[in-house]
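Trainee: Here you go, this is model.txt (compact mmCIF, C-alpha atoms).
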```txt
# COMPACT_ATOMS: atom_id res chain seq x y z
CA MET A 13 -109.64 -97.55 -107.83
CA ASP A 14 -112.47 -96.37 -105.60
CA ALA A 15 -113.88 -92.87 -105.33
CA ALA A 16 -111.75 -91.98 -102.33
CA ASP A 17 -108.57 -92.99 -104.17
CA VAL A 18 -109.64 -91.06 -107.25
CA ASP A 19 -110.18 -87.99 -105.15
CA ALA A 20 -106.90 -88.37 -103.32
CA HIS A 21 -104.97 -88.67 -106.57
CA ALA A 22 -106.80 -85.82 -108.24
CA THR A 23 -106.13 -83.58 -105.25
CA ALA A 24 -102.47 -84.53 -105.17
CA LEU A 25 -102.15 -83.74 -108.87
CA ALA A 26 -103.91 -80.41 -108.46
CA ARG A 27 -101.39 -79.57 -105.75
CA GLY A 28 -98.58 -80.30 -108.18
CA ASP A 29 -97.38 -83.55 -106.59
CA LEU A 30 -94.69 -84.55 -109.08
CA ARG A 31 -94.01 -88.00 -107.68
CA CYS A 32 -97.71 -88.81 -107.83
CA GLY A 33 -97.87 -87.63 -111.44
CA ALA A 34 -94.73 -89.51 -112.44
CA ARG A 35 -95.97 -92.76 -110.91
CA LEU A 36 -99.35 -92.41 -112.55
CA ILE A 37 -97.72 -91.94 -115.94
CA THR A 38 -95.72 -95.11 -115.35
CA ARG A 39 -98.93 -97.01 -114.61
CA ILE A 40 -100.52 -95.48 -117.70
CA GLU A 41 -97.61 -96.70 -119.82
CA ARG A 42 -98.18 -100.18 -118.45
CA GLY A 43 -101.84 -100.05 -119.37
CA ASP A 44 -103.05 -100.33 -115.78
CA GLU A 45 -106.80 -100.66 -116.18
CA GLU A 46 -107.38 -99.75 -112.53
CA LEU A 47 -106.68 -96.16 -113.47
CA VAL A 48 -109.73 -95.78 -115.69
CA PRO A 49 -111.98 -94.23 -112.99
CA LEU A 50 -109.26 -91.68 -112.26
CA LEU A 51 -108.77 -90.88 -115.95
CA GLN A 52 -112.50 -90.45 -116.32
CA ALA A 53 -112.58 -88.07 -113.38
CA LEU A 54 -109.57 -86.10 -114.62
CA TYR A 55 -111.11 -85.66 -118.05
CA ARG A 56 -114.37 -84.41 -116.58
CA ARG A 57 -112.63 -81.97 -114.28
CA GLY A 58 -110.59 -80.60 -117.16
CA GLY A 59 -107.38 -78.63 -117.05
CA ARG A 60 -106.33 -75.09 -117.77
CA ALA A 61 -102.98 -75.65 -119.43
CA GLN A 62 -102.23 -74.65 -123.00
CA VAL A 63 -101.46 -77.93 -124.75
CA ILE A 64 -98.94 -77.60 -127.55
CA GLY A 65 -97.66 -80.31 -129.86
CA VAL A 66 -94.26 -80.25 -131.55
CA THR A 67 -93.36 -82.77 -134.21
CA GLY A 68 -91.01 -83.16 -137.11
CA PRO A 69 -88.42 -85.49 -138.62
CA PRO A 70 -85.43 -86.71 -136.60
CA GLY A 71 -82.62 -84.18 -136.51
CA ALA A 72 -84.88 -81.18 -137.05
CA GLY A 73 -83.75 -79.79 -133.70
CA LYS A 74 -87.07 -80.13 -131.88
CA SER A 75 -85.67 -80.71 -128.42
CA THR A 76 -83.25 -77.79 -128.65
CA LEU A 77 -86.04 -75.60 -129.98
CA ILE A 78 -88.36 -76.67 -127.19
CA SER A 79 -85.69 -75.95 -124.62
CA ARG A 80 -85.39 -72.40 -125.94
CA LEU A 81 -89.15 -71.96 -125.91
CA VAL A 82 -89.25 -73.14 -122.32
CA THR A 83 -86.73 -70.42 -121.47
CA VAL A 84 -89.05 -67.82 -122.98
CA TRP A 85 -92.07 -69.18 -121.13
CA ARG A 86 -90.23 -69.41 -117.83
CA ALA A 87 -89.20 -65.78 -118.18
CA GLN A 88 -92.91 -65.01 -118.50
CA GLY A 89 -93.55 -66.89 -115.27
CA HIS A 90 -95.24 -69.89 -116.86
CA ARG A 91 -94.75 -73.41 -115.51
CA VAL A 92 -94.08 -75.99 -118.24
CA ALA A 93 -94.35 -79.75 -118.55
CA VAL A 94 -92.84 -81.55 -121.53
CA LEU A 95 -93.80 -85.05 -122.64
CA ALA A 96 -91.10 -86.26 -125.02
CA VAL A 97 -92.05 -89.33 -127.05
CA ASP A 98 -89.34 -91.36 -128.76
CA PRO A 99 -89.52 -94.56 -130.78
CA SER A 100 -88.77 -97.93 -129.20
CA SER A 101 -86.73 -100.46 -131.08
CA PRO A 102 -89.17 -102.65 -132.98
CA TYR A 103 -86.76 -105.58 -132.51
CA THR A 104 -86.01 -105.43 -128.82
CA GLY A 105 -88.67 -103.20 -127.32
CA GLY A 106 -85.96 -101.10 -125.66
CA ALA A 107 -85.17 -97.46 -126.34
CA VAL A 108 -82.64 -94.73 -125.77
CA LEU A 109 -84.52 -91.60 -124.74
CA GLY A 110 -82.21 -88.67 -125.22
CA ASP A 111 -84.46 -85.61 -125.26
CA ARG A 112 -83.45 -84.55 -121.76
CA VAL A 113 -79.87 -84.02 -122.94
CA ARG A 114 -80.99 -81.04 -125.02
CA MET A 115 -83.04 -79.57 -122.20
CA ALA A 116 -80.47 -79.84 -119.44
CA GLU A 117 -80.58 -76.09 -118.76
CA HIS A 118 -83.98 -76.60 -117.16
CA ALA A 119 -83.04 -79.65 -115.13
CA CYS A 120 -83.05 -77.88 -111.76
CA ASP A 121 -86.05 -75.62 -112.33
CA ASP A 122 -89.07 -76.53 -110.22
CA GLY A 123 -91.22 -74.84 -112.81
CA VAL A 124 -90.24 -77.35 -115.49
CA CYS A 125 -90.92 -81.07 -115.69
CA ILE A 126 -89.71 -83.36 -118.46
CA ARG A 127 -91.02 -86.87 -118.97
CA SER A 128 -89.65 -89.17 -121.65
CA MET A 129 -91.94 -91.79 -123.09
CA ALA A 130 -91.03 -94.61 -125.43
CA SER A 131 -93.46 -95.71 -128.08
CA ARG A 132 -93.18 -99.34 -126.90
CA THR A 133 -94.01 -100.51 -130.41
CA HIS A 134 -97.71 -100.88 -129.63
CA LEU A 135 -98.50 -97.78 -131.56
CA GLY A 136 -102.21 -97.86 -130.88
CA GLY A 137 -101.39 -98.18 -127.24
CA LEU A 138 -98.93 -95.34 -127.51
CA ALA A 139 -101.59 -92.92 -128.67
CA ARG A 140 -103.83 -93.96 -125.82
CA SER A 141 -100.91 -93.76 -123.32
CA ALA A 142 -99.83 -90.35 -124.52
CA GLY A 143 -103.39 -89.07 -124.32
CA ASP A 144 -103.76 -90.38 -120.78
CA ALA A 145 -100.37 -88.99 -119.74
CA LEU A 146 -101.48 -85.60 -121.05
CA LEU A 147 -104.61 -85.89 -118.89
CA VAL A 148 -102.45 -86.34 -115.82
CA LEU A 149 -100.22 -83.41 -116.74
CA GLU A 150 -103.23 -81.21 -117.46
CA ALA A 151 -104.58 -82.01 -113.99
CA MET A 152 -101.43 -80.47 -112.50
CA PRO A 153 -100.75 -76.75 -112.18
CA TRP A 154 -98.70 -76.46 -115.38
CA ASP A 155 -99.45 -73.45 -117.58
CA VAL A 156 -98.09 -75.12 -120.69
CA VAL A 157 -98.06 -78.81 -121.47
CA LEU A 158 -95.99 -79.65 -124.49
CA ILE A 159 -95.90 -82.98 -126.26
CA GLU A 160 -93.00 -83.70 -128.56
CA THR A 161 -92.95 -86.58 -131.02
CA VAL A 162 -90.66 -87.65 -133.78
CA GLY A 163 -92.87 -87.45 -136.83
CA VAL A 164 -91.57 -90.51 -138.57
CA GLY A 165 -94.84 -92.30 -138.93
CA GLN A 166 -98.55 -91.80 -139.06
CA ASN A 167 -98.97 -92.75 -135.43
CA GLU A 168 -96.41 -90.37 -134.05
CA THR A 169 -98.07 -87.66 -136.09
CA GLU A 170 -101.46 -88.72 -134.75
CA ILE A 171 -100.37 -88.18 -131.19
CA VAL A 172 -99.83 -84.46 -131.59
CA ARG A 173 -103.50 -84.20 -132.49
CA HIS A 174 -104.07 -84.22 -128.73
CA ALA A 175 -102.67 -80.69 -128.69
CA SER A 176 -104.65 -77.51 -129.24
CA VAL A 177 -101.85 -75.97 -131.27
CA VAL A 178 -99.36 -77.98 -133.31
CA VAL A 179 -95.92 -76.80 -134.36
CA LEU A 180 -94.24 -78.61 -137.23
CA VAL A 181 -90.47 -78.38 -137.28
CA GLN A 182 -88.58 -79.01 -140.50
CA THR A 183 -84.95 -79.10 -141.42
CA PRO A 184 -83.99 -76.82 -144.31
CA MET A 185 -83.10 -79.74 -146.53
CA GLY A 186 -86.25 -79.18 -148.56
CA GLY A 187 -87.03 -81.77 -151.19
CA ASP A 188 -87.70 -85.21 -149.76
CA ASP A 189 -88.21 -83.84 -146.29
CA VAL A 190 -91.03 -81.59 -147.35
CA GLN A 191 -92.47 -84.33 -149.55
CA ALA A 192 -92.61 -86.64 -146.58
CA ALA A 193 -94.16 -83.85 -144.60
CA LYS A 194 -97.01 -83.50 -147.03
CA ALA A 195 -98.78 -86.67 -145.99
CA GLY A 196 -101.41 -85.34 -143.62
CA ILE A 197 -99.12 -82.74 -142.11
CA THR A 198 -100.81 -79.71 -143.61
CA GLU A 199 -103.96 -80.96 -141.93
CA ILE A 200 -102.56 -80.66 -138.45
CA GLY A 201 -99.80 -78.05 -138.51
CA ASP A 202 -100.71 -74.65 -137.08
CA LEU A 203 -97.22 -73.23 -137.31
CA PHE A 204 -94.42 -74.39 -139.57
CA VAL A 205 -90.87 -73.85 -138.45
CA VAL A 206 -87.77 -74.17 -140.56
CA ASN A 207 -85.03 -74.69 -137.99
CA LYS A 208 -81.28 -74.47 -138.67
CA ALA A 209 -82.25 -71.48 -140.78
CA ASP A 210 -78.63 -70.52 -141.36
CA HIS A 211 -78.56 -73.35 -143.89
CA PRO A 212 -78.44 -72.14 -147.54
CA GLN A 213 -81.58 -74.16 -148.38
CA ALA A 214 -83.65 -72.50 -145.67
CA ASP A 215 -85.40 -69.92 -147.84
CA ALA A 216 -86.22 -72.49 -150.51
CA THR A 217 -87.80 -74.69 -147.83
CA VAL A 218 -89.82 -71.75 -146.54
CA ARG A 219 -91.13 -71.12 -150.07
CA GLN A 220 -92.08 -74.79 -150.53
CA LEU A 221 -93.96 -74.74 -147.24
CA HIS A 222 -95.77 -71.54 -148.19
CA ASP A 223 -96.90 -73.20 -151.42
CA MET A 224 -98.13 -76.27 -149.56
CA ILE A 225 -100.03 -74.14 -147.09
CA ALA A 226 -101.58 -71.99 -149.80
CA LEU A 227 -102.87 -75.13 -151.53
CA ALA A 228 -104.25 -76.51 -148.30
CA GLN A 229 -106.02 -73.24 -147.56
CA ARG A 230 -107.71 -73.34 -150.96
CA LEU A 231 -108.89 -76.87 -150.28
CA HIS A 232 -110.14 -75.93 -146.82
CA PRO A 233 -111.53 -72.40 -146.94
CA GLU A 234 -113.43 -72.98 -143.71
CA ARG A 235 -110.19 -72.82 -141.77
CA GLY A 236 -109.81 -69.37 -140.29
CA TRP A 237 -106.16 -69.72 -139.34
CA THR A 238 -103.41 -69.52 -141.94
CA PRO A 239 -100.31 -71.27 -140.61
CA PRO A 240 -97.28 -68.99 -140.64
CA VAL A 241 -93.87 -70.27 -141.74
CA LEU A 242 -91.14 -69.21 -139.35
CA LYS A 243 -87.37 -69.49 -139.51
CA THR A 244 -85.41 -70.33 -136.40
CA GLN A 245 -81.87 -71.21 -135.39
CA ALA A 246 -82.37 -72.81 -132.01
CA LEU A 247 -78.69 -73.03 -131.11
CA THR A 248 -78.21 -69.27 -131.51
CA ASN A 249 -81.69 -68.48 -130.18
CA ASP A 250 -82.79 -66.79 -133.41
CA GLY A 251 -86.50 -66.60 -134.14
CA ILE A 252 -87.53 -68.17 -130.83
CA ALA A 253 -89.28 -65.11 -129.45
CA GLU A 254 -91.18 -64.80 -132.75
CA LEU A 255 -92.20 -68.46 -132.52
CA ALA A 256 -93.51 -67.97 -129.00
CA ILE A 257 -95.51 -64.98 -130.21
CA GLY A 258 -96.81 -67.02 -133.14
CA ILE A 259 -98.03 -69.73 -130.78
CA GLU A 260 -99.69 -67.11 -128.59
CA ARG A 261 -101.40 -65.67 -131.67
CA CYS A 262 -102.79 -69.06 -132.55
CA PHE A 263 -104.27 -69.48 -129.08
CA ALA A 264 -105.67 -65.96 -129.31
CA HIS A 265 -107.24 -66.85 -132.66
CA LEU A 266 -108.93 -69.89 -131.12
CA ALA A 267 -110.21 -67.80 -128.23
CA ALA A 268 -111.60 -65.20 -130.65
CA HIS A 269 -113.13 -67.78 -132.99
CA PRO A 270 -115.09 -70.26 -130.92
CA ASP A 271 -116.51 -71.96 -134.04
CA ASP A 272 -113.03 -72.77 -135.26
CA ALA A 273 -112.03 -73.89 -131.78
CA LEU A 274 -115.11 -76.09 -131.54
CA ARG A 275 -114.53 -77.71 -134.92
CA ARG A 276 -110.95 -78.52 -133.96
CA GLY A 277 -111.95 -79.66 -130.50
CA ASN A 278 -114.51 -82.04 -131.98
CA ALA A 279 -111.93 -83.47 -134.39
CA ARG A 280 -109.61 -84.05 -131.42
CA LEU A 281 -112.32 -85.76 -129.44
CA ARG A 282 -113.26 -88.05 -132.31
CA HIS A 283 -109.65 -89.13 -132.55
CA ARG A 284 -109.36 -89.55 -128.82
CA VAL A 285 -112.41 -91.74 -128.47
CA GLY A 286 -111.26 -93.69 -131.50
CA GLU A 287 -107.88 -94.35 -129.84
CA VAL A 288 -109.47 -95.58 -126.64
CA LEU A 289 -111.95 -97.71 -128.56
CA ARG A 290 -109.29 -99.25 -130.79
CA GLU A 291 -107.20 -100.19 -127.81
CA LEU A 292 -110.16 -101.70 -126.02
CA LEU A 293 -110.99 -103.71 -129.12
CA ASP A 294 -107.40 -104.79 -129.51
CA ARG A 295 -107.23 -105.89 -125.92
CA ARG A 296 -110.52 -107.70 -126.26
CA LEU A 297 -109.25 -109.54 -129.29
CA ARG A 298 -106.04 -110.58 -127.58
CA THR A 299 -107.51 -111.59 -124.26
CA GLY A 300 -111.03 -112.59 -125.24
CA GLY A 301 -110.37 -116.32 -124.93
CA ASP A 302 -113.48 -118.16 -126.05
CA THR A 303 -115.29 -114.96 -126.90
CA GLY A 304 -112.33 -113.49 -128.75
CA ILE A 305 -110.76 -114.33 -132.04
CA GLU A 306 -109.10 -117.63 -131.02
CA PRO A 307 -112.00 -120.06 -131.66
CA MET A 308 -112.44 -118.56 -135.12
CA LEU A 309 -108.91 -119.09 -136.29
CA PRO A 310 -109.26 -122.75 -137.39
CA ALA A 311 -112.13 -121.90 -139.73
CA LEU A 312 -110.13 -118.99 -141.10
CA HIS A 313 -107.13 -121.23 -141.75
CA ARG A 314 -109.33 -123.72 -143.62
CA ARG A 315 -110.78 -120.79 -145.59
CA ALA A 316 -114.20 -121.89 -144.43
CA SER A 317 -114.53 -118.32 -143.22
CA ASP A 318 -112.87 -114.98 -144.08
CA PRO A 319 -111.54 -112.00 -142.08
CA TYR A 320 -114.53 -109.80 -142.96
CA SER A 321 -117.08 -112.33 -141.69
CA VAL A 322 -115.07 -112.92 -138.54
CA ALA A 323 -114.70 -109.21 -137.88
CA ALA A 324 -118.41 -108.56 -138.39
CA ASP A 325 -119.25 -111.47 -136.10
CA LEU A 326 -116.90 -110.21 -133.38
CA LEU A 327 -118.23 -106.68 -133.66
CA ALA A 328 -121.79 -107.92 -133.30
CA ARG A 329 -120.87 -109.92 -130.23
CA ILE A 330 -118.62 -107.33 -128.60
CA GLY A 331 -120.90 -104.40 -129.29
CA MET B 17 -94.27 -108.15 -124.15
CA SER B 18 -93.89 -107.32 -120.48
CA SER B 19 -93.39 -103.74 -119.46
CA PRO B 20 -89.78 -102.58 -119.99
CA LEU B 21 -87.57 -101.37 -117.18
CA LYS B 22 -86.62 -97.70 -117.28
CA VAL B 23 -83.08 -96.79 -116.32
CA ILE B 24 -80.99 -93.62 -116.25
CA VAL B 25 -77.53 -93.76 -117.76
CA SER B 26 -75.43 -90.74 -116.95
CA MET B 27 -72.00 -89.36 -116.37
CA ILE B 28 -71.60 -87.30 -113.22
CA GLY B 29 -69.80 -84.06 -112.45
CA LEU B 30 -67.12 -82.95 -114.86
CA ASP B 31 -66.39 -86.45 -116.12
CA GLY B 32 -66.48 -86.12 -119.88
CA HIS B 33 -65.87 -89.76 -120.78
CA THR B 34 -69.04 -90.70 -122.62
CA THR B 35 -68.15 -93.80 -124.60
CA GLY B 36 -68.88 -96.19 -121.76
CA GLY B 37 -72.27 -94.63 -121.12
CA GLU B 38 -73.14 -94.64 -124.81
CA VAL B 39 -72.14 -98.27 -125.28
CA VAL B 40 -74.01 -99.41 -122.18
CA SER B 41 -77.09 -97.46 -123.29
CA MET B 42 -77.14 -99.45 -126.51
CA ILE B 43 -76.52 -102.72 -124.68
CA LEU B 44 -79.46 -102.03 -122.40
CA ARG B 45 -81.67 -100.92 -125.28
CA ASP B 46 -80.84 -104.12 -127.12
CA ALA B 47 -81.90 -106.02 -124.02
CA GLY B 48 -85.32 -104.37 -124.14
CA ILE B 49 -84.70 -101.70 -121.51
CA GLU B 50 -85.67 -98.04 -121.84
CA VAL B 51 -82.67 -95.84 -121.18
CA VAL B 52 -83.01 -92.20 -120.21
CA TYR B 53 -79.64 -90.89 -121.31
CA LEU B 54 -78.60 -87.75 -119.46
CA GLY B 55 -75.14 -87.16 -120.90
CA VAL B 56 -72.46 -85.02 -119.30
CA ASN B 57 -72.33 -82.13 -116.81
CA GLN B 58 -74.89 -83.74 -114.53
CA THR B 59 -74.89 -82.87 -110.86
CA PRO B 60 -76.35 -85.28 -108.31
CA GLU B 61 -79.28 -82.87 -108.01
CA MET B 62 -80.01 -83.03 -111.74
CA ILE B 63 -79.84 -86.81 -111.75
CA VAL B 64 -82.16 -87.17 -108.77
CA ARG B 65 -84.70 -84.79 -110.29
CA ALA B 66 -84.59 -86.72 -113.56
CA ALA B 67 -85.03 -89.98 -111.64
CA ALA B 68 -88.16 -88.60 -109.98
CA GLN B 69 -89.70 -87.13 -113.13
CA GLU B 70 -88.96 -90.23 -115.17
CA ASP B 71 -89.87 -92.62 -112.32
CA VAL B 72 -86.90 -94.83 -113.12
CA ASP B 73 -86.13 -98.28 -111.80
CA ALA B 74 -82.36 -97.81 -111.53
CA ILE B 75 -79.59 -95.30 -112.13
CA GLY B 76 -76.41 -96.23 -113.94
CA ILE B 77 -73.41 -93.96 -113.52
CA SER B 78 -70.54 -94.30 -115.95
CA SER B 79 -67.41 -93.22 -114.15
CA HIS B 80 -63.94 -92.75 -115.57
CA ALA B 81 -62.71 -89.71 -113.69
CA ALA B 82 -62.52 -90.96 -110.12
CA ASN B 83 -65.30 -88.63 -108.96
CA TYR B 84 -66.54 -91.12 -106.41
CA SER B 85 -67.55 -88.55 -103.81
CA GLN B 86 -70.20 -87.29 -106.21
CA ILE B 87 -71.54 -90.78 -106.70
CA VAL B 88 -71.85 -91.12 -102.93
CA GLU B 89 -73.51 -87.70 -102.87
CA LEU B 90 -76.01 -89.02 -105.39
CA VAL B 91 -76.84 -92.00 -103.18
CA GLU B 92 -77.26 -89.75 -100.14
CA LEU B 93 -79.45 -87.31 -102.05
CA LEU B 94 -81.70 -90.14 -103.23
CA ARG B 95 -82.05 -91.27 -99.64
CA ALA B 96 -82.81 -87.72 -98.47
CA ARG B 97 -85.53 -87.39 -101.12
CA GLY B 98 -87.22 -90.66 -100.18
CA MET B 99 -85.90 -92.48 -103.23
CA ALA B 100 -83.55 -94.94 -101.56
CA ASP B 101 -85.35 -97.73 -103.40
CA VAL B 102 -83.76 -96.62 -106.69
CA PRO B 103 -80.43 -98.46 -106.90
CA VAL B 104 -77.30 -96.71 -108.14
CA ILE B 105 -75.07 -98.94 -110.26
CA CYS B 106 -71.63 -97.66 -111.05
CA GLY B 107 -69.59 -98.80 -114.02
CA GLY B 108 -66.09 -97.79 -114.93
CA ASN B 109 -62.41 -98.10 -114.13
CA VAL B 110 -62.91 -98.21 -110.37
CA PRO B 111 -60.01 -99.54 -108.28
CA ARG B 112 -60.92 -102.59 -106.22
CA HIS B 113 -60.38 -100.91 -102.86
CA THR B 114 -62.75 -98.14 -103.97
CA VAL B 115 -65.36 -100.72 -104.96
CA ASP B 116 -65.65 -101.82 -101.33
CA GLU B 117 -65.95 -98.25 -100.14
CA LEU B 118 -68.65 -97.44 -102.65
CA LEU B 119 -70.65 -100.53 -101.74
CA ALA B 120 -70.33 -99.64 -98.07
CA GLN B 121 -71.66 -96.17 -98.86
CA GLY B 122 -74.80 -97.52 -100.49
CA VAL B 123 -73.92 -97.98 -104.15
CA ALA B 124 -75.79 -101.12 -105.21
CA SER B 125 -73.14 -102.55 -107.50
CA VAL B 126 -69.90 -101.66 -109.23
CA VAL B 127 -69.31 -103.10 -112.68
CA LEU B 128 -65.68 -103.27 -113.67
CA PRO B 129 -63.92 -103.18 -117.04
CA GLY B 130 -64.16 -106.48 -118.91
CA ALA B 131 -67.72 -107.13 -117.78
CA SER B 132 -69.80 -108.80 -120.46
CA SER B 133 -73.02 -107.36 -121.86
CA GLU B 134 -74.85 -110.24 -120.22
CA HIS B 135 -73.38 -109.36 -116.85
CA ILE B 136 -74.32 -105.70 -117.24
CA VAL B 137 -77.88 -106.50 -118.24
CA HIS B 138 -78.24 -109.10 -115.50
CA THR B 139 -76.96 -106.65 -112.89
CA VAL B 140 -79.44 -104.00 -113.94
CA ARG B 141 -82.35 -106.44 -114.15
CA SER B 142 -81.71 -108.07 -110.81
CA LEU B 143 -81.21 -104.82 -108.90
CA ALA B 144 -83.91 -102.74 -110.54
CA ARG B 145 -86.55 -101.35 -108.22
CA ARG B 146 -89.51 -102.81 -110.06
CA ARG B 147 -89.58 -106.31 -111.41
CA ALA B 148 -90.51 -106.42 -115.11
CA ALA B 149 -93.83 -108.28 -114.90
```
Let's see the structure in the file written out as structure tokens.

Mentor:
Amino acid sequence: MDAADVDAHATALARGDLRCGARLITRIERGDEELVPLLQALYRRGGRAQVIGVTGPPGAGKSTLISRLVTVWRAQGHRVAVLAVDPSSPYTGGAVLGDRVRMAEHACDDGVCIRSMASRTHLGGLARSAGDALLVLEAMPWDVVLIETVGVGQNETEIVRHASVVVLVQTPMGGDDVQAAKAGITEIGDLFVVNKADHPQADATVRQLHDMIALAQRLHPERGWTPPVLKTQALTNDGIAELAIGIERCFAHLAAHPDDALRRGNARLRHRVGEVLRELLDRRLRTGGDTGIEPMLPALHRRASDPYSVAADLLARIG
Amino acid sequence: MSSPLKVIVSMIGLDGHTTGGEVVSMILRDAGIEVVYLGVNQTPEMIVRAAAQEDVDAIGISSHAANYSQIVELVELLRARGMADVPVICGGNVPRHTVDELLAQGVASVVLPGASSEHIVHTVRSLARRRAA
């Protein structure tokens, strides 16, 4: 893509050209390397949207919750884009992407765009794709860009790191759910939401989350923001306004504490560069032909070499 | 793995019969296709907007309530929005004389009861806007 093309696309995106954005995201999902100059330009130009991540186990009610939040934001005059990431079948590579069903109330609103994205089983590639798709959305005149993932695995959880503020949605089942949530979640959650709060276990779950957060705060005293635990019932619209306010408060905190914002921004950037690098490496390995891993496989099979030596050799030659 | 096709599966209008759409969604998923499932209470407008935002390769309408005029409306709306290259495939209990009318009005294909999974997948794959590389 030459400079003129880059400019044309960037201008179209800035104007809010939805078809342009949608087609670019498709090309991003396909790993179209021609887009790199555009992605570079979009990153450098930056965007003004608030980027929010929402993750949690399947069935937590994320999509319904997001739909309600969108209603609140639309009432405030904000334009919202939602990137909804769902897992692909590891066996067939296909997927059923059903997030739109829960957000149908916004289907005819020009101020709302919803894009479903399947993980396509190449999880490293997913992180890179999602990051690039966010770049495209941030280049458009959305006020809020929200990325939703099903937090079933490390990678899906990693993706929400692209966001400035991360909302973790739990079901009130407590126990195993919260246990599963512990792995790395306290690191990235800025707000914890117990949805379906009419459930009898809701308060117990809230207490467990408070305990987890208190422990995390002791381990990381440098963190200025203490994640609140909120209760919601998305179907009856309970607690949604409070959640929106909580999110706003988190953004306000970041604006008022540039050191905190910088530390988090740097962590995001490290991850981001790592994602791009890992995918480049992976691609290099797979397509490197004579300079890739292929010529080294026979020696590995014979145990005349070992994976560590091969990796070091490749790194020296690639780098 | 080549890039998967992306296809909408939806009911249209007040047609509440979802089993066909759900079953076909799983058939397509099992064939390596990404299905954007829209569900019920979808107007042609909603479907077209979804098709644009999701940049889909085809639209599948599951029809069991004889609401053919809305399917035609969908085709016309796609054309009006510059998306005539996205084929609309209709599946359901469509009478044979209606099949001809629908095809004449721009529906790409009508899949009738008794069609095999292979036939459904083949129809979608062969008509889809973008060839899976």

Trainee: Measure the distance from atom CA of Gly108 of chain B to atom CA of Thr38 of chain A in Å and round it to one decimal.

Mentor: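 Computing it gives 29.8 Å between the two atoms.
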
Trainee: Around all listed atoms of segment 132-138 of chain B, padded 5 Å per side, what centre and edge lengths does the axis-aligned box have in Å to one decimal, as AutoDock Vina command-line options?

Mentor:
```
--center_x -74.0 --center_y -108.0 --center_z -118.7 --size_x 18.4 --size_y 14.5 --size_z 16.4
```

Trainee: As an exercise, work out the distance from atom CA of Asp31 of chain B to atom CA of Glu61 of chain B in Å and give it to one decimal place.

Mentor: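 Rounded to one decimal, the two atoms are 15.6 Å apart.
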
Trainee: Using all atoms listed in the file, which of A:Val285, A:Ala130, A:Met224, A:Ala119 sits nearest Gly106 of chain A?

Mentor: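 Looking at the shortest contact to Gly106 of chain A, the residue is A:Ala130.
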
Trainee: Would you tabulate, counting only C-alpha atoms, all residues of chain A that have an atom at most 10 Å from an atom of chain B, showing the closest pair of atoms and their distance in Å to one decimal, sorted by chain then ascending number, as a tab-separated table?

Mentor:
```
residue	atom	partner	partner_atom	distance
A:Leu30	CA	B:Gln69	CA	6.9
A:Arg31	CA	B:Ala68	CA	6.3
A:Cys32	CA	B:Gln69	CA	9.8
A:Gly33	CA	B:Gln69	CA	8.4
A:Ala34	CA	B:Gln69	CA	5.6
A:Arg35	CA	B:Asp71	CA	6.3
A:Leu36	CA	B:Asp71	CA	9.5
A:Ile37	CA	B:Asp71	CA	8.7
A:Thr38	CA	B:Asp71	CA	7.0
A:Arg39	CA	B:Ser19	CA	10.0
A:Glu41	CA	B:Ser19	CA	8.2
A:Arg42	CA	B:Ser19	CA	6.1
A:Gly43	CA	B:Ser19	CA	9.2
A:Ser100	CA	B:Glu50	CA	8.0
A:Ser101	CA	B:Arg45	CA	7.7
A:Pro102	CA	B:Gly48	CA	9.8
A:Tyr103	CA	B:Asp46	CA	8.1
A:Thr104	CA	B:Gly48	CA	4.8
A:Gly105	CA	B:Gly48	CA	4.8
A:Gly106	CA	B:Gly48	CA	3.7
A:Ala107	CA	B:Glu50	CA	4.6
A:Val108	CA	B:Val51	CA	4.7
A:Leu109	CA	B:Val52	CA	4.8
A:Gly110	CA	B:Tyr53	CA	5.2
A:Asp111	CA	B:Tyr53	CA	8.2
A:Arg112	CA	B:Leu54	CA	6.2
A:Val113	CA	B:Leu54	CA	5.3
A:Arg114	CA	B:Leu54	CA	9.0
A:Met115	CA	B:Leu54	CA	9.7
A:Ala116	CA	B:Leu54	CA	8.1
A:Glu117	CA	B:Met62	CA	9.9
A:His118	CA	B:Met62	CA	9.3
A:Ala119	CA	B:Met62	CA	5.7
A:Cys120	CA	B:Met62	CA	6.0
A:Asp121	CA	B:Arg65	CA	9.5
A:Asp122	CA	B:Arg65	CA	9.3
A:Cys125	CA	B:Gln69	CA	6.7
A:Ile126	CA	B:Gln69	CA	6.5
A:Arg127	CA	B:Glu70	CA	5.5
A:Ser128	CA	B:Glu70	CA	6.6
A:Met129	CA	B:Glu70	CA	8.6
A:Ala130	CA	B:Glu50	CA	7.3
A:Arg132	CA	B:Pro20	CA	8.4
A:Thr133	CA	B:Met17	CA	9.9
A:His134	CA	B:Met17	CA	9.7
```

Trainee: Restricting the calculation to only C-alpha atoms, which member of B:Val115, B:Ala74, B:Ala82, B:Leu93 is positioned closest to Ala144 of chain B?

Mentor: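 That would be B:Ala74, the residue with the smallest distance to Ala144 of chain B.
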